[in-house]
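Listing of entry30.cif, mmCIF, C-alpha atoms
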```cif
data_start
loop_
_atom_site.label_atom_id
_atom_site.label_comp_id
_atom_site.auth_asym_id
_atom_site.auth_seq_id
_atom_site.Cartn_x
_atom_site.Cartn_y
_atom_site.Cartn_z
CA MET A 29 -26.18 6.29 -2.37
CA HIS A 30 -22.44 6.74 -2.35
CA ALA A 31 -20.43 5.06 -5.11
CA ILE A 32 -19.13 2.54 -2.55
CA GLU A 33 -22.70 1.68 -1.53
CA LYS A 34 -23.70 1.20 -5.16
CA LEU A 35 -20.72 -1.09 -5.64
CA LEU A 36 -21.66 -3.23 -2.63
CA ALA A 37 -25.31 -3.31 -3.68
CA LYS A 38 -24.31 -4.60 -7.12
CA LYS A 39 -22.12 -7.33 -5.64
CA ALA A 40 -24.92 -8.30 -3.25
CA GLY A 41 -27.53 -8.42 -6.02
CA LYS A 42 -29.59 -5.67 -4.37
CA GLU A 43 -31.15 -2.45 -5.66
CA SER A 44 -29.81 -0.44 -2.74
CA VAL A 45 -28.02 -0.68 0.59
CA THR A 46 -27.80 1.60 3.62
CA THR A 47 -25.06 2.41 6.12
CA GLY A 48 -24.74 -0.32 8.73
CA GLU A 49 -26.56 -2.94 6.69
CA ILE A 50 -25.02 -6.43 6.51
CA VAL A 51 -24.71 -7.68 2.94
CA ASN A 52 -23.36 -10.88 1.41
CA CYS A 53 -21.32 -9.98 -1.66
CA ALA A 54 -19.79 -11.85 -4.57
CA VAL A 55 -16.02 -11.23 -4.54
CA ASP A 56 -14.26 -10.41 -7.80
CA MET A 57 -10.74 -11.31 -6.69
CA ALA A 58 -9.44 -12.97 -3.53
CA GLY A 59 -5.76 -12.81 -2.70
CA ILE A 60 -3.72 -14.78 -0.17
CA ASN A 61 -0.18 -13.92 0.86
CA ASP A 62 2.43 -16.22 2.34
CA LEU A 63 1.77 -15.06 5.91
CA TYR A 64 -1.56 -16.85 5.84
CA LEU A 65 -1.13 -20.59 5.41
CA GLN A 66 -3.96 -20.79 7.93
CA THR A 67 -6.25 -19.85 5.03
CA VAL A 68 -5.52 -23.19 3.38
CA ARG A 69 -5.85 -25.04 6.69
CA SER A 70 -9.18 -23.32 7.36
CA PHE A 71 -10.39 -24.16 3.86
CA PHE A 72 -10.06 -27.88 4.60
CA GLU A 73 -11.20 -27.57 8.24
CA MET A 74 -14.40 -25.92 6.99
CA GLY A 75 -15.06 -28.83 4.64
CA GLY A 76 -13.66 -27.28 1.48
CA THR A 77 -12.59 -29.64 -1.28
CA LYS A 78 -12.60 -27.53 -4.44
CA VAL A 79 -12.10 -23.75 -4.70
CA HIS A 80 -15.33 -22.07 -5.87
CA ASP A 81 -13.70 -20.23 -8.79
CA PRO A 82 -9.91 -20.66 -9.20
CA SER A 83 -9.80 -17.84 -11.77
CA LYS A 84 -10.78 -15.40 -9.01
CA VAL A 85 -8.03 -16.43 -6.60
CA ILE A 86 -4.45 -15.14 -6.60
CA MET A 87 -1.59 -16.34 -4.38
CA PHE A 88 1.36 -14.12 -3.44
CA MET A 89 4.81 -15.11 -2.18
CA ASP A 90 5.71 -11.57 -1.14
CA HIS A 91 6.24 -11.28 2.59
CA TYR A 92 8.96 -13.95 2.69
CA ALA A 93 10.57 -13.46 -0.72
CA PRO A 94 12.72 -15.47 -0.86
CA ALA A 95 12.17 -17.67 2.19
CA SER A 96 14.71 -17.05 4.93
CA THR A 97 13.74 -19.88 7.29
CA ILE A 98 12.81 -23.53 6.89
CA VAL A 99 9.31 -22.80 8.19
CA GLN A 100 8.80 -20.07 5.56
CA ALA A 101 10.07 -22.36 2.83
CA ASP A 102 7.76 -25.16 3.94
CA ASN A 103 4.75 -22.80 4.02
CA GLN A 104 5.49 -21.57 0.51
CA LYS A 105 5.83 -25.16 -0.68
CA LYS A 106 2.36 -25.94 0.67
CA PHE A 107 0.93 -22.84 -0.99
CA ARG A 108 2.37 -23.84 -4.36
CA GLU A 109 1.00 -27.36 -4.04
CA PHE A 110 -2.44 -25.98 -3.13
CA CYS A 111 -2.45 -23.80 -6.24
CA TRP A 112 -1.37 -26.67 -8.48
CA ASP A 113 -3.96 -29.04 -6.98
CA GLN A 114 -6.78 -26.48 -7.18
CA GLY A 115 -6.00 -25.15 -10.66
CA ILE A 116 -5.14 -21.66 -9.41
CA ASP A 117 -3.08 -20.22 -12.27
CA LEU A 118 -2.45 -16.85 -10.61
CA LEU A 119 0.47 -18.01 -8.49
CA MET A 120 2.77 -15.05 -7.94
CA ASP A 121 6.00 -16.65 -6.77
CA ILE A 122 9.00 -15.08 -5.02
CA ASP A 123 10.09 -13.11 -8.09
CA GLU A 124 6.89 -11.08 -8.52
CA GLY A 125 6.75 -8.57 -5.66
CA VAL A 126 4.24 -7.02 -3.26
CA CYS A 127 0.65 -8.13 -3.77
CA HIS A 128 -0.84 -4.65 -4.25
CA GLN A 129 1.68 -3.57 -6.85
CA VAL A 130 1.43 -6.89 -8.69
CA LEU A 131 -2.35 -6.51 -8.88
CA ALA A 132 -1.93 -3.04 -10.40
CA ASP A 133 0.82 -4.14 -12.79
CA ARG A 134 -1.27 -7.00 -14.11
CA GLY A 135 -4.47 -5.03 -14.59
CA LEU A 136 -6.20 -6.94 -11.80
CA SER A 137 -7.22 -3.78 -9.95
CA TYR A 138 -9.94 -1.76 -11.64
CA PRO A 139 -13.03 0.44 -11.05
CA GLY A 140 -16.04 -1.23 -9.49
CA GLU A 141 -14.12 -4.26 -8.28
CA LEU A 142 -14.58 -5.98 -4.92
CA LEU A 143 -11.04 -7.04 -4.05
CA ILE A 144 -10.20 -8.91 -0.85
CA VAL A 145 -6.67 -9.86 0.25
CA THR A 146 -5.20 -11.21 3.47
CA ASP A 147 -3.36 -7.93 3.87
CA SER A 148 -4.55 -4.87 5.76
CA HIS A 149 -3.23 -2.44 3.13
CA THR A 150 -5.66 -3.65 0.47
CA THR A 151 -7.21 -0.21 0.92
CA THR A 152 -4.58 0.75 -1.69
CA HIS A 153 -7.00 -0.17 -4.47
CA GLY A 154 -9.36 2.67 -3.74
CA ALA A 155 -6.98 4.55 -6.02
CA PHE A 156 -8.66 2.71 -8.91
CA GLY A 157 -12.25 3.16 -7.72
CA ALA A 158 -12.32 -0.36 -6.32
CA PHE A 159 -13.51 -1.57 -2.92
CA GLY A 160 -10.36 -3.12 -1.48
CA THR A 161 -10.07 -4.42 2.05
CA GLY A 162 -8.08 -6.88 4.09
CA VAL A 163 -9.41 -9.91 5.97
CA GLY A 164 -8.09 -12.79 8.03
CA ALA A 165 -7.61 -16.44 7.17
CA THR A 166 -11.10 -17.72 8.03
CA ASP A 167 -12.87 -15.02 6.02
CA LEU A 168 -10.65 -15.70 3.02
CA ALA A 169 -11.28 -19.43 3.33
CA THR A 170 -15.01 -18.64 3.23
CA ILE A 171 -14.47 -16.87 -0.09
CA LEU A 172 -12.51 -19.84 -1.42
CA ILE A 173 -15.44 -22.13 -0.63
CA THR A 174 -18.41 -19.91 -1.54
CA GLY A 175 -17.08 -17.05 -3.67
CA LYS A 176 -18.80 -14.62 -1.26
CA LEU A 177 -18.24 -12.77 2.00
CA TRP A 178 -20.37 -10.61 4.30
CA PHE A 179 -19.71 -6.92 4.86
CA ARG A 180 -21.23 -4.18 6.96
CA VAL A 181 -21.83 -1.18 4.72
CA PRO A 182 -19.43 1.43 6.12
CA GLU A 183 -19.98 5.09 6.87
CA VAL A 184 -18.09 7.31 4.42
CA ILE A 185 -15.78 10.15 5.40
CA ARG A 186 -14.86 12.72 2.77
CA ILE A 187 -11.38 14.26 2.89
CA ASN A 188 -10.97 17.10 0.45
CA PHE A 189 -7.58 18.48 -0.66
CA GLU A 190 -7.20 21.88 -2.27
CA GLY A 191 -4.14 23.62 -3.71
CA GLU A 192 -0.95 22.61 -5.49
CA LEU A 193 1.76 20.79 -3.61
CA PRO A 194 4.87 22.84 -2.77
CA LYS A 195 8.29 21.70 -3.91
CA GLY A 196 9.46 18.58 -2.08
CA VAL A 197 5.98 17.62 -0.85
CA TYR A 198 4.31 14.40 -2.01
CA ALA A 199 1.25 12.24 -1.40
CA LYS A 200 3.03 10.59 1.53
CA ASP A 201 3.34 13.99 3.19
CA ILE A 202 -0.34 14.71 2.62
CA ILE A 203 -1.59 11.49 4.17
CA LEU A 204 0.84 11.69 7.10
CA HIS A 205 -0.43 15.20 7.79
CA VAL A 206 -4.04 14.00 7.71
CA ILE A 207 -3.34 11.08 10.05
CA GLY A 208 -1.46 13.41 12.38
CA GLU A 209 -4.41 15.78 12.47
CA LEU A 210 -7.24 13.25 12.73
CA GLY A 211 -5.57 10.39 14.63
CA ALA A 212 -4.72 6.75 14.00
CA ASP A 213 -8.15 5.54 15.14
CA TYR A 214 -10.29 8.18 13.45
CA ALA A 215 -11.72 6.07 10.63
CA VAL A 216 -12.17 2.64 12.23
CA TYR A 217 -14.46 0.55 9.96
CA LYS A 218 -15.26 3.60 7.88
CA ALA A 219 -14.57 4.32 4.24
CA VAL A 220 -12.37 7.29 3.39
CA GLU A 221 -12.97 9.09 0.10
CA PHE A 222 -10.41 11.58 -1.23
CA THR A 223 -11.60 14.49 -3.36
CA GLY A 224 -10.51 17.98 -4.38
CA SER A 225 -8.44 19.95 -6.87
CA THR A 226 -5.13 18.57 -5.58
CA LEU A 227 -5.95 15.13 -6.98
CA LYS A 228 -5.50 16.32 -10.56
CA HIS A 229 -1.81 16.78 -9.73
CA LEU A 230 -1.42 13.28 -8.27
CA SER A 231 -0.45 10.30 -10.41
CA VAL A 232 -1.86 6.82 -9.88
CA SER A 233 1.31 5.93 -7.99
CA GLU A 234 0.82 8.83 -5.58
CA ARG A 235 -2.88 8.01 -5.16
CA MET A 236 -1.98 4.43 -4.31
CA ALA A 237 0.37 5.64 -1.56
CA MET A 238 -2.35 7.86 -0.13
CA CYS A 239 -5.09 5.21 -0.21
CA ASN A 240 -2.68 2.63 1.19
CA MET A 241 -2.24 4.57 4.40
CA THR A 242 -5.93 5.01 5.16
CA THR A 243 -5.35 1.67 6.89
CA GLU A 244 -3.29 3.62 9.43
CA MET A 245 -6.45 5.57 10.26
CA GLY A 246 -8.33 2.32 10.83
CA ALA A 247 -10.29 2.59 7.57
CA LYS A 248 -12.13 -0.39 6.15
CA THR A 249 -11.57 0.85 2.61
CA SER A 250 -10.73 3.97 0.61
CA TYR A 251 -12.04 5.54 -2.57
CA ILE A 252 -11.11 8.01 -5.28
CA GLN A 253 -13.69 8.61 -7.98
CA PRO A 254 -12.15 7.41 -11.27
CA ASP A 255 -11.14 10.31 -13.50
CA GLU A 256 -9.00 10.84 -16.57
CA ILE A 257 -5.80 9.97 -14.66
CA THR A 258 -7.36 6.73 -13.43
CA MET A 259 -8.68 5.76 -16.81
CA ASP A 260 -5.44 6.43 -18.67
CA PHE A 261 -3.82 3.88 -16.37
CA VAL A 262 -6.70 1.39 -16.40
CA LYS A 263 -7.15 1.41 -20.18
CA ALA A 264 -3.48 0.53 -20.63
CA LYS A 265 -3.66 -2.38 -18.18
CA VAL A 266 -7.17 -3.80 -17.80
CA THR A 267 -8.72 -6.10 -20.39
CA ARG A 268 -11.79 -7.29 -18.49
CA GLU A 269 -15.14 -5.54 -18.20
CA TYR A 270 -15.63 -3.12 -15.34
CA GLU A 271 -18.19 -0.64 -14.06
CA ILE A 272 -17.66 2.87 -12.74
CA PHE A 273 -19.97 3.89 -9.91
CA THR A 274 -20.70 7.52 -9.01
CA THR A 275 -22.05 9.15 -5.87
CA ASP A 276 -25.52 10.68 -5.98
CA PRO A 277 -25.70 14.49 -5.66
CA GLY A 278 -26.48 15.56 -2.12
CA TYR A 279 -25.15 12.40 -0.51
CA GLN A 280 -24.61 13.03 3.22
CA TYR A 281 -21.15 11.99 4.43
CA ALA A 282 -20.56 10.89 8.00
CA ALA A 283 -17.93 13.64 8.21
CA GLU A 284 -16.09 16.01 5.88
CA HIS A 285 -12.67 17.62 6.20
CA THR A 286 -10.82 20.02 3.90
CA PHE A 287 -7.06 20.53 3.89
CA ASP A 288 -5.22 23.29 2.01
CA VAL A 289 -1.94 21.64 0.97
CA SER A 290 -0.43 24.67 -0.74
CA GLN A 291 1.64 25.61 2.34
CA LEU A 292 2.36 22.07 3.55
CA LYS A 293 5.95 21.17 4.42
CA PRO A 294 7.49 17.70 4.15
CA GLN A 295 6.15 15.58 7.00
CA LEU A 296 7.60 12.82 9.19
CA ALA A 297 5.85 10.40 11.53
CA ALA A 298 8.16 9.98 14.49
CA PRO A 299 8.49 6.93 16.75
CA PHE A 300 6.40 5.16 17.84
CA SER A 301 3.09 5.99 16.21
CA VAL A 302 2.00 6.87 12.70
CA ASP A 303 -0.04 9.80 14.02
CA ASN A 304 2.96 11.31 15.82
CA VAL A 305 3.49 13.66 12.88
CA GLU A 306 5.41 16.93 12.59
CA ASP A 307 7.10 18.98 9.90
CA VAL A 308 10.49 17.57 8.91
CA THR A 309 12.07 20.71 10.32
CA ALA A 310 11.42 19.40 13.85
CA PHE A 311 13.91 16.59 13.26
CA ILE A 312 16.62 18.17 11.11
CA GLY A 313 20.03 16.75 11.96
CA ARG A 314 18.79 13.53 13.58
CA LYS A 315 21.37 10.81 12.83
CA ILE A 316 20.15 8.01 10.56
CA ASP A 317 21.65 4.50 10.53
CA GLN A 318 19.46 3.16 7.74
CA ALA A 319 17.35 4.67 4.98
CA TYR A 320 14.77 2.31 3.49
CA LEU A 321 12.99 2.85 0.19
CA GLY A 322 10.31 0.34 -0.73
CA SER A 323 7.05 -1.43 0.15
CA CYS A 324 3.49 -1.17 -1.14
CA THR A 325 3.54 2.43 0.07
CA GLY A 326 6.76 3.76 -1.44
CA GLY A 327 8.51 1.34 -3.77
CA ARG A 328 7.11 2.25 -7.19
CA VAL A 329 8.92 3.56 -10.26
CA GLU A 330 8.18 7.20 -9.42
CA ASP A 331 9.61 6.68 -5.94
CA LEU A 332 12.84 5.21 -7.30
CA ALA A 333 12.99 8.05 -9.84
CA VAL A 334 12.82 10.70 -7.10
CA ALA A 335 15.61 8.97 -5.17
CA ALA A 336 17.76 8.56 -8.28
CA LYS A 337 17.42 12.25 -9.11
CA ILE A 338 18.53 13.26 -5.62
CA LEU A 339 21.46 10.82 -5.56
CA ALA A 340 22.65 11.02 -9.18
CA GLY A 341 26.43 11.43 -9.25
CA LYS A 342 26.63 11.40 -5.44
CA LYS A 343 27.45 8.89 -2.68
CA ILE A 344 25.36 8.08 0.36
CA ASN A 345 26.82 8.89 3.76
CA SER A 346 29.54 6.42 4.73
CA ARG A 347 27.85 5.63 8.05
CA THR A 348 24.37 5.08 6.62
CA ARG A 349 22.89 2.01 4.93
CA PHE A 350 20.49 2.59 2.04
CA VAL A 351 18.20 -0.40 1.38
CA VAL A 352 16.03 -0.27 -1.75
CA VAL A 353 13.20 -2.73 -2.43
CA PRO A 354 11.26 -2.36 -5.70
CA ALA A 355 7.56 -3.05 -5.13
CA SER A 356 7.38 -5.55 -7.98
CA LYS A 357 9.29 -7.19 -10.79
CA GLY A 358 7.55 -4.84 -13.18
CA VAL A 359 8.78 -1.86 -11.20
CA PHE A 360 12.29 -3.31 -11.06
CA LEU A 361 12.44 -3.85 -14.82
CA GLU A 362 11.09 -0.40 -15.69
CA ALA A 363 13.43 1.32 -13.24
CA MET A 364 16.31 -0.67 -14.67
CA GLN A 365 15.40 0.36 -18.20
CA LYS A 366 15.27 4.01 -17.16
CA GLY A 367 18.65 3.85 -15.46
CA TYR A 368 17.42 4.44 -11.90
CA ILE A 369 18.81 1.14 -10.61
CA GLN A 370 22.35 1.83 -11.81
CA THR A 371 22.23 5.37 -10.44
CA LEU A 372 21.16 4.17 -7.00
CA VAL A 373 23.62 1.27 -6.90
CA GLU A 374 26.47 3.60 -7.85
CA ALA A 375 25.36 5.93 -5.04
CA GLY A 376 25.69 3.07 -2.55
CA ALA A 377 22.21 1.53 -2.40
CA THR A 378 21.71 -2.14 -1.53
CA PHE A 379 18.94 -3.76 -3.57
CA VAL A 380 16.90 -6.74 -2.38
CA THR A 381 14.26 -8.93 -4.00
CA PRO A 382 10.98 -7.18 -4.89
CA GLY A 383 8.60 -7.81 -2.03
CA CYS A 384 7.82 -6.71 1.52
CA ALA A 385 11.31 -7.35 2.93
CA ALA A 386 12.07 -5.45 6.17
CA CYS A 387 8.73 -3.64 6.19
CA LEU A 388 7.20 -6.48 8.23
CA GLY A 389 10.23 -6.93 10.43
CA THR A 390 11.42 -10.42 9.56
CA HIS A 391 14.29 -10.17 7.07
CA GLN A 392 16.31 -8.12 4.58
CA GLY A 393 17.16 -4.95 6.46
CA MET A 394 16.50 -5.44 10.18
CA LEU A 395 17.36 -2.76 12.72
CA ALA A 396 19.60 -3.36 15.73
CA SER A 397 18.96 -1.99 19.19
CA GLY A 398 19.45 1.76 19.29
CA GLU A 399 19.46 2.22 15.50
CA THR A 400 17.32 4.75 13.66
CA CYS A 401 15.72 4.24 10.26
CA ILE A 402 13.88 6.61 7.96
CA THR A 403 11.57 4.71 5.64
CA SER A 404 8.94 5.15 2.93
CA THR A 405 6.87 2.32 4.45
CA ASN A 406 3.68 2.66 6.47
CA ARG A 407 4.23 1.66 10.12
CA ASN A 408 6.66 2.69 12.84
CA PHE A 409 5.61 0.95 16.05
CA PRO A 410 8.28 -0.75 18.20
CA GLY A 411 9.77 -3.80 16.52
CA ARG A 412 8.18 -3.16 13.14
CA MET A 413 11.54 -3.35 11.35
CA GLY A 414 13.59 -5.33 13.82
CA HIS A 415 14.62 -4.65 17.41
CA THR A 416 11.98 -3.09 19.65
CA LYS A 417 14.55 -0.47 20.65
CA GLY A 418 15.10 0.56 17.05
CA GLU A 419 13.40 3.81 16.04
CA ILE A 420 11.53 4.40 12.79
CA PHE A 421 10.61 7.66 11.05
CA LEU A 422 8.10 7.52 8.20
CA GLY A 423 8.57 9.92 5.30
CA SER A 424 8.37 10.38 1.55
CA PRO A 425 10.82 8.69 -0.84
CA ALA A 426 12.47 12.10 -1.27
CA ALA A 427 12.97 12.44 2.49
CA VAL A 428 14.45 8.93 2.60
CA ALA A 429 16.90 9.60 -0.25
CA ALA A 430 17.98 12.95 1.18
CA ALA A 431 18.63 11.36 4.57
CA ALA A 432 20.66 8.56 2.95
CA LEU A 433 22.81 11.20 1.29
CA GLU A 434 23.34 13.29 4.41
CA GLY A 435 23.38 10.51 7.00
CA LYS A 436 20.81 12.51 8.94
CA ILE A 437 17.28 13.79 8.57
CA THR A 438 17.17 16.75 6.24
CA ASP A 439 14.59 18.75 4.32
CA PRO A 440 14.21 17.02 0.94
CA SER A 441 12.97 20.26 -0.61
CA ASP A 442 16.59 21.40 -0.75
CA TYR A 443 17.30 18.66 -3.29
CA ILE A 444 14.27 19.12 -5.53
CA ASP A 445 14.53 21.40 -8.56
#
```

If you convert what's in this file into structure tokens, what do you get?
Amino acid sequence: MHAIEKLLAKKAGKESVTTGEIVNCAVDMAGINDLYLQTVRSFFEMGGTKVHDPSKVIMFMDHYAPASTIVQADNQKKFREFCWDQGIDLLMDIDEGVCHQVLADRGLSYPGELLIVTDSHTTTHGAFGAFGTGVGATDLATILITGKLWFRVPEVIRINFEGELPKGVYAKDIILHVIGELGADYAVYKAVEFTGSTLKHLSVSERMAMCNMTTEMGAKTSYIQPDEITMDFVKAKVTREYEIFTTDPGYQYAAEHTFDVSQLKPQLAAPFSVDNVEDVTAFIGRKIDQAYLGSCTGGRVEDLAVAAKILAGKKINSRTRFVVVPASKGVFLEAMQKGYIQTLVEAGATFVTPGCAACLGTHQGMLASGETCITSTNRNFPGRMGHTKGEIFLGSPAAVAAAALEGKITDPSDYID
């Protein structure tokens, strides 16, 4: 069996499982974000009265942080009251940040975990050797009532990376390149495992960015076998017991792909699809109205550090807005301590509350008709960050910072020592 299959078998109380099998699994942590009040409604509509295990439920006020409409405020009020009534202590209010980063910060993402959140980018947690996936309101309500949920054991695709990354190339560039090559629908309801020598050069932060965007390939989940890099992070954060699963020798993957990243150039996904990917050189000189650094894909400390290094002692272009959104309060505090926040503010950045902000296209950095944004987020379809006639380029934090400085798309490699 693959490590993912062993994980699902354990949660289902079975000796083994096979691809395509339907299994009913005990969930280790269930998360609900403030887009999904329907989860609470469904809980009561389905006859729920008391949450099965409040210690295994976490609530996030991240998509509308802070609330910008009366409806959002009312929804958050109902979420808070539900947590208080049900004894759910893990209430992450509007000051905490994006669900996936908060889970990592608090040691709630770990090897061997089955982690379900009402957010499609829960694939992020494959970076820790967990099975993370997103579900809708009714499925999450089922977990609240029973503590379990059914899954179809997915096929597993292996994507192998070899070589050291060139200057100015990051995990975001790698995954954009892969999606561009394989397509946005390549891995629908499949698991994507990342392997290869390149991984030893990628931090947990970079691995999270890469696993996060397997969602943009349609993947059900992602996986990286825990190694020394994983465990150094986990041992500093996680206090609960966990289990590391390994894949049996000779396991047959549904498909395997190998990419040599040693000659890779910085990548951009151009409007209006995440698989519309080319080298940054194809877009050099394209005017940028807004540069956006943040989200569960590109708002971690390392991302802010890259931007601060590029912009230290400089000013962003006078005709470009630079919006920065730390992924969590923990990220914000660490970046503040290290001086990155002051550097970016002095360069002309506008900071907003840790959370999802403009990534979901509702507040804090919307685009007007005809405007162009380069962003470290994960989606660029029409209307994703505001007006449907706004255009979005996806790139690395370095590409975003370099564009903010120049007021146009530029090769970030020129600014990396």

Practice task
For the structure shown, which residues end up in the PyMOL selection byres ((chain A and resi 234) around 9)? Put them as a VMD selection string, please?
Solution key: chain A and resid 155 198 to 200 230 to 233 235 to 239 325 to 326 330

Put those residues in a file: C-alpha atoms, as an mmCIF file, in the frame of the given file.
```
data_model
loop_
_atom_site.group_PDB
_atom_site.id
_atom_site.type_symbol
_atom_site.label_atom_id
_atom_site.label_comp_id
_atom_site.auth_asym_id
_atom_site.auth_seq_id
_atom_site.Cartn_x
_atom_site.Cartn_y
_atom_site.Cartn_z
ATOM 1 C CA ALA A 155 -6.980 4.550 -6.020
ATOM 2 C CA TYR A 198 4.310 14.400 -2.010
ATOM 3 C CA ALA A 199 1.250 12.240 -1.400
ATOM 4 C CA LYS A 200 3.030 10.590 1.530
ATOM 5 C CA LEU A 230 -1.420 13.280 -8.270
ATOM 6 C CA SER A 231 -0.450 10.300 -10.410
ATOM 7 C CA VAL A 232 -1.860 6.820 -9.880
ATOM 8 C CA SER A 233 1.310 5.930 -7.990
ATOM 9 C CA ARG A 235 -2.880 8.010 -5.160
ATOM 10 C CA MET A 236 -1.980 4.430 -4.310
ATOM 11 C CA ALA A 237 0.370 5.640 -1.560
ATOM 12 C CA MET A 238 -2.350 7.860 -0.130
ATOM 13 C CA CYS A 239 -5.090 5.210 -0.210
ATOM 14 C CA THR A 325 3.540 2.430 0.070
ATOM 15 C CA GLY A 326 6.760 3.760 -1.440
ATOM 16 C CA GLU A 330 8.180 7.200 -9.420
#
```

Handout entry: From A:Leu136, A:Leu361, A:Met74, A:Ile185, residue lying nearest Leu168 of chain A [all atoms listed in the file]
Key =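 Selected residue with least distance to Leu168 of chain A: A:Met74.
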
Handout entry: Spatial neighbours of segment 428-439 of chain A, max dist 10 Å, only C-alpha atoms, sep filter under 2 positions, as a PyMOL selection string
Key = chain A and resi 196+293-296+307-321+331-332+334-339+342-351+372+375-377+400-404+421-426+441-444

Practice task
Tell me, in Å to one decimal, how far atom CA of Asn188 of chain A is from atom CA of Asp147 of chain A.
Solution key: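 These atoms are spaced 26.4 Å apart.
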
Exercise for the section: May I have the residues within 6 Å of segment 79-96 of chain A as a list in words, using all atoms listed in the file and disregarding those fewer than 4 positions away in the same chain? Expected result: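 Skipping anything fewer than 4 positions along the chain leaves Met57, Ala58, Gly59, Ile60, Asn61, Asp62, Gln100, Ala101, Ile116, Leu118, Leu119, Met120, Asp121, Ile122, Gly125, Val126, Leu172, Ile173, Thr174, Gly175, Gly383 and Cys384 of chain A.
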
Skipping near chain neighbours, those fewer than 4 positions away, what residues fall within 10 Å of Phe409 of chain A using all atoms listed in the file, listed as a CSV table (one decimal) with C-alpha atoms, in the coordinates of the input?
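File produced: selection15.csv:
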```
chain,number,residue,atom,x,y,z
A,298,ALA,CA,8.2,10.0,14.5
A,299,PRO,CA,8.5,6.9,16.8
A,300,PHE,CA,6.4,5.2,17.8
A,301,SER,CA,3.1,6.0,16.2
A,302,VAL,CA,2.0,6.9,12.7
A,413,MET,CA,11.5,-3.4,11.4
A,416,THR,CA,12.0,-3.1,19.6
A,418,GLY,CA,15.1,0.6,17.0
A,419,GLU,CA,13.4,3.8,16.0
A,420,ILE,CA,11.5,4.4,12.8
A,421,PHE,CA,10.6,7.7,11.0
```

Problem - Straight-line distance linking atom CA of Ser70 of chain A with atom CA of Asp117 of chain A, stated in Å to one decimal - result: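 Answer for the atom CA of Ser70 of chain A to atom CA of Asp117 of chain A separation: 20.8 Å.
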
Exercise for the section: Run through the PyMOL selection byres ((chain A and resi 54) around 6) on the given coordinates and return the selected residues as a VMD selection string. Expected result: chain A and resid 39 53 55 175 to 176

Exercise for the section: Counting all atoms listed in the file, figure out which residue out of A:Lys105, A:Cys127, A:Glu284, A:Thr150 gets nearest to Asn240 of chain A. Expected result: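 Using all atoms listed in the file, Asn240 of chain A sits closest to A:Thr150.
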
Handout entry: Minimum-distance residue to Thr371 of chain A, chosen among A:Ala340, A:Met394, A:Leu36, A:Val163 (using all atoms listed in the file)
Key = A:Ala340

Practice task
Give me the residues within 10 Å of Met259 of chain A as JSON, numbers by chain, counting only C-alpha atoms and dropping any in the same chain fewer than 5 places off.
Solution key: {"A": [138, 139, 156, 232, 254, 264, 265, 266]}

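Atom pair atom CA of Thr170 of chain A / atom CA of Asp56 of chain A: separated by 13.8 Å.
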
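For the set A:Pro354, A:Glu374, A:Lys78, A:Val99, the residue with the smallest atom-to-atom gap to Gly115 of chain A is A:Lys78, counting all atoms listed in the file.
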
Problem - Exercise: Asn103 of chain A partners within 9 Å, all atoms listed in the file, chain neighbours under 5 positions left out, as a list in words - result: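 Here the qualifying residues turn out to be Asp62, Leu63, Tyr64, Leu65, Ile98 and Arg108 of chain A.
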
Handout entry: Selection result of the PyMOL selection byres ((chain A and resi 244) around 12) on this file, as a VMD selection string
Key = chain A and resid 148 to 152 203 to 204 206 to 208 210 to 217 220 237 to 243 245 to 250 297 301 to 304 325 405 to 409
